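Undergrad: Below is run.pdb; it holds PDB, C-alpha atoms.
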```pdb
ATOM      1  CA  MET A   1      14.975  12.858 195.503
ATOM      2  CA  GLU A   2      12.910  13.459 192.586
ATOM      3  CA  GLN A   3      14.529  14.865 189.495
ATOM      4  CA  HIS A   4      12.791  17.736 187.984
ATOM      5  CA  ARG A   5      12.907  17.831 184.208
ATOM      6  CA  THR A   6      13.113  21.223 182.613
ATOM      7  CA  ARG A   7      11.900  21.941 179.183
ATOM      8  CA  PRO A   8      14.087  23.974 176.841
ATOM      9  CA  ARG A   9      13.214  27.602 176.765
ATOM     10  CA  GLN A  10      11.133  28.753 173.903
ATOM     11  CA  TYR A  11      11.924  31.865 171.956
ATOM     12  CA  ARG A  12       9.729  34.756 172.859
ATOM     13  CA  PRO A  13       9.930  37.872 170.786
ATOM     14  CA  PRO A  14      10.093  41.218 172.516
ATOM     15  CA  ARG A  15       6.789  42.865 173.062
ATOM     16  CA  GLY A  16       5.305  44.615 170.068
ATOM     17  CA  ARG A  17       7.053  42.420 167.457
ATOM     18  CA  PRO A  18       5.425  39.509 165.680
ATOM     19  CA  PRO A  19       6.942  36.090 166.386
ATOM     20  CA  LEU A  20       9.503  34.724 163.939
ATOM     21  CA  PRO A  21       8.515  31.778 161.773
ATOM     22  CA  ALA A  22       9.715  28.371 162.929
ATOM     23  CA  GLN A  23      12.304  28.174 160.172
ATOM     24  CA  ALA A  24      13.959  31.422 161.170
ATOM     25  CA  GLN A  25      14.269  30.381 164.805
ATOM     26  CA  ARG A  26      16.688  27.558 164.089
ATOM     27  CA  ARG A  27      19.741  28.244 162.036
ATOM     28  CA  PRO A  28      21.821  25.390 160.764
ATOM     29  CA  ALA A  29      25.467  25.367 161.612
ATOM     30  CA  ALA A  30      27.695  26.911 158.986
ATOM     31  CA  VAL A  31      29.231  24.311 156.738
ATOM     32  CA  ARG A  32      32.623  25.105 155.341
ATOM     33  CA  ARG A  33      33.059  23.809 151.826
ATOM     34  CA  PRO A  34      36.441  22.776 150.488
ATOM     35  CA  ALA A  35      38.180  25.139 148.109
ATOM     36  CA  PRO A  36      37.745  24.401 144.406
ATOM     37  CA  PRO A  37      40.640  22.598 142.760
ATOM     38  CA  PRO A  38      43.226  24.834 141.121
ATOM     39  CA  ALA A  39      42.712  25.604 137.466
ATOM     40  CA  PRO A  40      44.876  23.639 135.053
ATOM     41  CA  PRO A  41      47.793  25.581 133.612
ATOM     42  CA  ARG A  42      47.015  27.464 130.437
ATOM     43  CA  PRO A  43      48.855  26.426 127.312
ATOM     44  CA  ALA A  44      51.613  28.731 126.182
ATOM     45  CA  VAL A  45      50.118  29.043 122.694
ATOM     46  CA  ARG A  46      48.923  32.543 121.894
ATOM     47  CA  ARG A  47      45.680  32.858 120.054
ATOM     48  CA  LEU A  48      44.816  35.464 117.466
ATOM     49  CA  PRO A  49      42.667  38.340 118.657
ATOM     50  CA  ASN A  50      38.968  37.786 118.172
ATOM     51  CA  PRO A  51      37.309  41.197 118.174
ATOM     52  CA  ARG A  52      33.712  41.604 117.103
ATOM     53  CA  LEU A  53      33.260  44.740 115.039
ATOM     54  CA  THR A  54      29.969  46.316 114.103
ATOM     55  CA  GLY A  55      29.326  47.062 110.449
ATOM     56  CA  LEU A  56      30.516  50.646 110.920
ATOM     57  CA  GLY A  57      33.502  49.503 112.964
ATOM     58  CA  GLY A  58      34.441  46.994 110.272
ATOM     59  CA  GLY A  59      34.254  49.722 107.649
ATOM     60  CA  LEU A  60      36.389  52.076 109.736
ATOM     61  CA  PHE A  61      38.902  49.312 110.465
ATOM     62  CA  CYS A  62      39.203  48.266 106.839
ATOM     63  CA  GLY A  63      39.298  51.848 105.554
ATOM     64  CA  ALA A  64      41.909  53.005 108.063
ATOM     65  CA  VAL A  65      44.146  49.997 107.445
ATOM     66  CA  MET A  66      43.925  50.428 103.679
ATOM     67  CA  VAL A  67      44.756  54.154 103.856
ATOM     68  CA  VAL A  68      47.769  53.384 106.057
ATOM     69  CA  LEU A  69      48.858  50.596 103.706
ATOM     70  CA  GLY A  70      48.424  52.949 100.745
ATOM     71  CA  TRP A  71      50.711  55.543 102.338
ATOM     72  CA  LEU A  72      53.246  52.876 103.316
ATOM     73  CA  ASP A  73      53.172  51.517  99.780
ATOM     74  CA  GLN A  74      53.739  55.022  98.441
ATOM     75  CA  VAL A  75      56.731  55.566 100.749
ATOM     76  CA  LEU A  76      58.342  52.122 100.669
ATOM     77  CA  PHE A  77      57.534  50.751  97.221
ATOM     78  CA  GLY A  78      56.968  53.860  95.112
ATOM     79  CA  ALA A  79      53.188  53.397  94.681
ATOM     80  CA  SER A  80      53.229  49.772  93.511
ATOM     81  CA  LEU A  81      49.611  48.878  92.866
ATOM     82  CA  THR A  82      50.435  45.159  92.854
ATOM     83  CA  VAL A  83      51.807  45.333  96.400
ATOM     84  CA  TYR A  84      48.722  47.275  97.419
ATOM     85  CA  GLY A  85      46.434  44.656  95.877
ATOM     86  CA  VAL A  86      48.259  41.780  97.573
ATOM     87  CA  LEU A  87      48.014  43.539 100.945
ATOM     88  CA  PHE A  88      44.326  44.177 100.322
ATOM     89  CA  LEU A  89      43.395  40.465 100.370
ATOM     90  CA  PRO A  90      44.324  39.677 104.014
ATOM     91  CA  VAL A  91      42.657  42.904 105.168
ATOM     92  CA  CYS A  92      39.462  41.708 103.447
ATOM     93  CA  ALA A  93      39.708  38.325 105.165
ATOM     94  CA  LEU A  94      40.290  39.880 108.591
ATOM     95  CA  THR A  95      37.418  42.295 108.134
ATOM     96  CA  ALA A  96      35.035  39.489 107.185
ATOM     97  CA  CYS A  97      36.211  37.348 110.112
ATOM     98  CA  TRP A  98      36.003  40.113 112.706
ATOM     99  CA  ILE A  99      32.602  41.573 111.856
ATOM    100  CA  ARG A 100      29.991  40.363 114.324
ATOM    101  CA  ARG A 101      27.287  37.921 113.302
ATOM    102  CA  GLY A 102      24.473  40.414 112.969
ATOM    103  CA  ASP A 103      26.422  42.648 110.589
ATOM    104  CA  LEU A 104      27.884  40.034 108.247
ATOM    105  CA  VAL A 105      26.157  41.485 105.217
ATOM    106  CA  THR A 106      28.236  44.662 105.515
ATOM    107  CA  ALA A 107      31.599  42.926 105.034
ATOM    108  CA  PRO A 108      31.454  42.697 101.212
ATOM    109  CA  VAL A 109      30.087  46.237 101.068
ATOM    110  CA  VAL A 110      32.741  48.073 103.073
ATOM    111  CA  VAL A 111      35.699  46.333 101.456
ATOM    112  CA  PRO A 112      35.485  48.034  98.010
ATOM    113  CA  ILE A 113      34.957  51.400  99.679
ATOM    114  CA  ALA A 114      38.111  50.853 101.735
ATOM    115  CA  PHE A 115      40.006  49.813  98.591
ATOM    116  CA  ALA A 116      39.086  53.084  96.927
ATOM    117  CA  ALA A 117      39.963  55.086 100.052
ATOM    118  CA  GLY A 118      43.383  53.452 100.250
ATOM    119  CA  LEU A 119      44.086  54.253  96.594
ATOM    120  CA  LEU A 120      43.946  58.000  97.251
ATOM    121  CA  PRO A 121      47.631  58.293  98.265
ATOM    122  CA  LEU A 122      48.683  56.041  95.369
ATOM    123  CA  ALA A 123      46.637  57.550  92.549
ATOM    124  CA  ASP A 124      48.309  60.923  92.179
ATOM    125  CA  GLU A 125      48.565  61.913  88.527
ATOM    126  CA  GLY A 126      49.456  65.489  89.321
ATOM    127  CA  GLY A 127      47.439  68.433  88.132
ATOM    128  CA  GLY A 128      45.387  69.166  91.235
ATOM    129  CA  PHE A 129      42.041  67.751  92.177
ATOM    130  CA  LEU A 130      40.954  66.651  88.703
ATOM    131  CA  GLY A 131      44.295  64.952  88.113
ATOM    132  CA  SER A 132      43.989  63.053  91.394
ATOM    133  CA  LEU A 133      40.417  62.068  90.544
ATOM    134  CA  MET A 134      41.495  60.835  87.123
ATOM    135  CA  GLY A 135      44.339  58.860  88.732
ATOM    136  CA  LEU A 136      41.885  57.286  91.177
ATOM    137  CA  PHE A 137      39.532  56.172  88.398
ATOM    138  CA  THR A 138      42.443  54.848  86.367
ATOM    139  CA  ALA A 139      43.774  52.875  89.337
ATOM    140  CA  LEU A 140      40.302  51.479  90.055
ATOM    141  CA  ALA A 141      39.955  50.395  86.424
ATOM    142  CA  THR A 142      43.390  48.813  86.178
ATOM    143  CA  GLN A 143      43.256  47.127  89.592
ATOM    144  CA  ALA A 144      39.724  45.767  89.283
ATOM    145  CA  GLY A 145      41.022  42.193  89.616
ATOM    146  CA  TRP A 146      42.330  42.866  93.131
ATOM    147  CA  LEU A 147      39.148  44.721  93.997
ATOM    148  CA  TYR A 148      36.915  41.876  92.823
ATOM    149  CA  GLY A 149      39.166  39.279  94.442
ATOM    150  CA  GLY A 150      39.097  40.988  97.830
ATOM    151  CA  THR A 151      35.355  41.502  97.639
ATOM    152  CA  LEU A 152      34.950  37.831  96.735
ATOM    153  CA  VAL A 153      37.122  36.779  99.712
ATOM    154  CA  ALA A 154      35.037  38.896 102.093
ATOM    155  CA  GLY A 155      31.791  37.677 100.548
ATOM    156  CA  VAL A 156      32.722  33.995 100.734
ATOM    157  CA  ILE A 157      33.877  34.250 104.365
ATOM    158  CA  ALA A 158      30.743  36.172 105.360
ATOM    159  CA  THR A 159      28.506  33.686 103.519
ATOM    160  CA  VAL A 160      30.157  30.674 105.150
ATOM    161  CA  ARG A 161      29.849  32.281 108.588
ATOM    162  CA  LYS A 162      26.178  33.082 107.961
ATOM    163  CA  ILE A 163      25.416  29.515 106.788
ATOM    164  CA  ARG A 164      27.119  28.076 109.868
ATOM    165  CA  LEU A 165      25.149  30.460 112.089
ATOM    166  CA  MET A 166      21.862  29.495 110.461
ATOM    167  CA  SER A 167      22.597  25.758 110.734
ATOM    168  CA  ARG A 168      23.456  26.124 114.438
ATOM    169  CA  ARG A 169      20.208  27.954 115.076
ATOM    170  CA  ALA A 170      18.240  25.290 113.193
ATOM    171  CA  ALA A 171      19.945  22.524 115.195
ATOM    172  CA  GLN A 172      19.153  24.309 118.450
ATOM    173  CA  GLN A 173      15.515  24.688 117.474
ATOM    174  CA  ARG A 174      15.286  21.004 116.516
ATOM    175  CA  SER A 175      16.791  19.985 119.863
ATOM    176  CA  ARG A 176      14.230  22.108 121.743
ATOM    177  CA  LEU A 177      11.301  20.339 120.084
TER     178      LEU A 177
END
```
I need this file expressed as structure tokens, please.

TA:
Amino acid sequence: MEQHRTRPRQYRPPRGRPPLPAQAQRRPAAVRRPAPPPAPPRPAVRRLPNPRLTGLGGGLFCGAVMVVLGWLDQVLFGASLTVYGVLFLPVCALTACWIRRGDLVTAPVVVPIAFAAGLLPLADEGGGFLGSLMGLFTALATQAGWLYGGTLVAGVIATVRKIRLMSRRAAQQRSRL
């Protein structure tokens, strides 16, 4: 007997539809990929927070912290301007570190404003508004060393960050060429 060979059936689309392209007619078998390896365990060391504040956010952060520290200094230490000045320096450093790259120029600007805002609870000479204003100016004059020191800390940190940013950008541009 003679064997009759049959050809495989060809795909025929239903009437009224265009035929599918040759690639769509044959689908490859699904390949199951192995699961990715498990992530290595994270170290138990906690890192400091790394927020990125805008210029306005940095000013609000620094101002709010300095007002709170001024009130705490008034309550706990009897309005010690030295304690206030010492606490001002780390707030300046944090503000300069946490302001985002595009707003670095604002760090040395907002710090003195926050220093003056935080002095309001400490600089009470009595005698109403004019007495408080005179106490504020007196405290600003006598504590100018802390004010300049904190502004210098913020300015140096912001300048170093800006120089590092500019050198990274220059290195990236050189590598592209």

Undergrad: Would you pick out the contacts of Val68 of chain A at 12 Å or less, using all atoms listed in the file, so that residues sharing its chain but fewer than 3 positions from it are not included, and give the list as a list in words?

TA: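 Contacts, in chain order: Phe61, Cys62, Gly63, Ala64, Val65, Trp71, Leu72, Asp73, Gln74, Val75, Leu76, Tyr84, Leu87, Phe88, Val91, Ala114, Phe115, Ala117, Gly118, Leu119, Leu120, Pro121 and Leu122 of chain A.
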
Undergrad: Would you kindly translate the PyMOL selection byres ((chain A and resi 108) around 6) into the concrete residues it picks from this file, as a list of chain:residue names?

TA: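 So the PyMOL selection byres ((chain A and resi 108) around 6), applied here, picks out A:Thr106, A:Ala107, A:Val109, A:Val110, A:Val111, A:Thr151, A:Ala154, A:Gly155.
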
Undergrad: Counting only C-alpha atoms, what is within 12 Å of Ala144 of chain A, bar same-chain residues fewer than 5 positions away, as a list in words?

TA: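 What passes the distance filter is Leu81, Thr82, Gly85, Pro112, Phe115, Ala116, Leu136, Phe137, Thr138, Ala139, Gly149, Gly150, Thr151 and Leu152 of chain A.
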
Undergrad: Given the point (27.9, 45.0, 107.7) in the file's coordinates, find the residues that have an atom at most 9 Å from it, counting only C-alpha atoms, and give them as a PDB file with C-alpha atoms, in the frame of the given file.

TA:
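Result file is result.pdb:
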```pdb
ATOM      1  CA  THR A  54      29.969  46.316 114.103  1.00  0.00           C
ATOM      2  CA  GLY A  55      29.326  47.062 110.449  1.00  0.00           C
ATOM      3  CA  LEU A  56      30.516  50.646 110.920  1.00  0.00           C
ATOM      4  CA  GLY A  57      33.502  49.503 112.964  1.00  0.00           C
ATOM      5  CA  GLY A  58      34.441  46.994 110.272  1.00  0.00           C
ATOM      6  CA  GLY A  59      34.254  49.722 107.649  1.00  0.00           C
ATOM      7  CA  ILE A  99      32.602  41.573 111.856  1.00  0.00           C
ATOM      8  CA  ARG A 100      29.991  40.363 114.324  1.00  0.00           C
ATOM      9  CA  GLY A 102      24.473  40.414 112.969  1.00  0.00           C
ATOM     10  CA  ASP A 103      26.422  42.648 110.589  1.00  0.00           C
ATOM     11  CA  LEU A 104      27.884  40.034 108.247  1.00  0.00           C
ATOM     12  CA  VAL A 105      26.157  41.485 105.217  1.00  0.00           C
ATOM     13  CA  THR A 106      28.236  44.662 105.515  1.00  0.00           C
ATOM     14  CA  ALA A 107      31.599  42.926 105.034  1.00  0.00           C
ATOM     15  CA  PRO A 108      31.454  42.697 101.212  1.00  0.00           C
ATOM     16  CA  VAL A 109      30.087  46.237 101.068  1.00  0.00           C
ATOM     17  CA  VAL A 110      32.741  48.073 103.073  1.00  0.00           C
TER      18      VAL A 110
END
```

Undergrad: Can you tell me how far atom CA of Pro41 of chain A sits from atom CA of Trp98 of chain A, in Å to one decimal?

TA: 28.1 Å

Undergrad: Counting all atoms listed in the file, which residue out of A:Met134, A:Val67, A:Leu94, A:Val153 sits closest to Pro51 of chain A?

TA: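 Of A:Met134, A:Val67, A:Leu94, A:Val153, the one nearest Pro51 of chain A, counting all atoms listed in the file, is A:Leu94.
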
Undergrad: Quick one: distance from atom CA of Val160 of chain A to atom CA of Leu140 of chain A in Å, one decimal?

TA: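 Between atom CA of Val160 of chain A and atom CA of Leu140 of chain A the gap is 27.6 Å.
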
Undergrad: Pick the closest to Ser80 of chain A from A:Ala123, A:Gly135, A:Gln173, A:Pro38: which is it, counting only C-alpha atoms?

TA: A:Ala123

Undergrad: Mind pulling up the distance from atom CA of Ala158 of chain A to atom CA of Ala170 of chain A?

TA: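 Distance reported for this atom pair: 18.3 Å.
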
Undergrad: Nearest to Leu89 of chain A: which of A:Ala35, A:Leu130, A:Leu147, A:Val156 is it, counting only C-alpha atoms?

TA: A:Leu147

Undergrad: Looking at A:Ile113, A:Asn50, A:Leu177, A:Leu69, which one is nearest to Cys97 of chain A, with distances taken over all atoms listed in the file?

TA: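 Checking each of A:Ile113, A:Asn50, A:Leu177, A:Leu69 against Cys97 of chain A, counting all atoms listed in the file, the winner is A:Asn50.
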
Undergrad: Would you please work out which residue, of A:Leu53, A:Ile157, A:Gly131, A:Arg32, is nearest to Pro90 of chain A when using only C-alpha atoms?

TA: A:Ile157
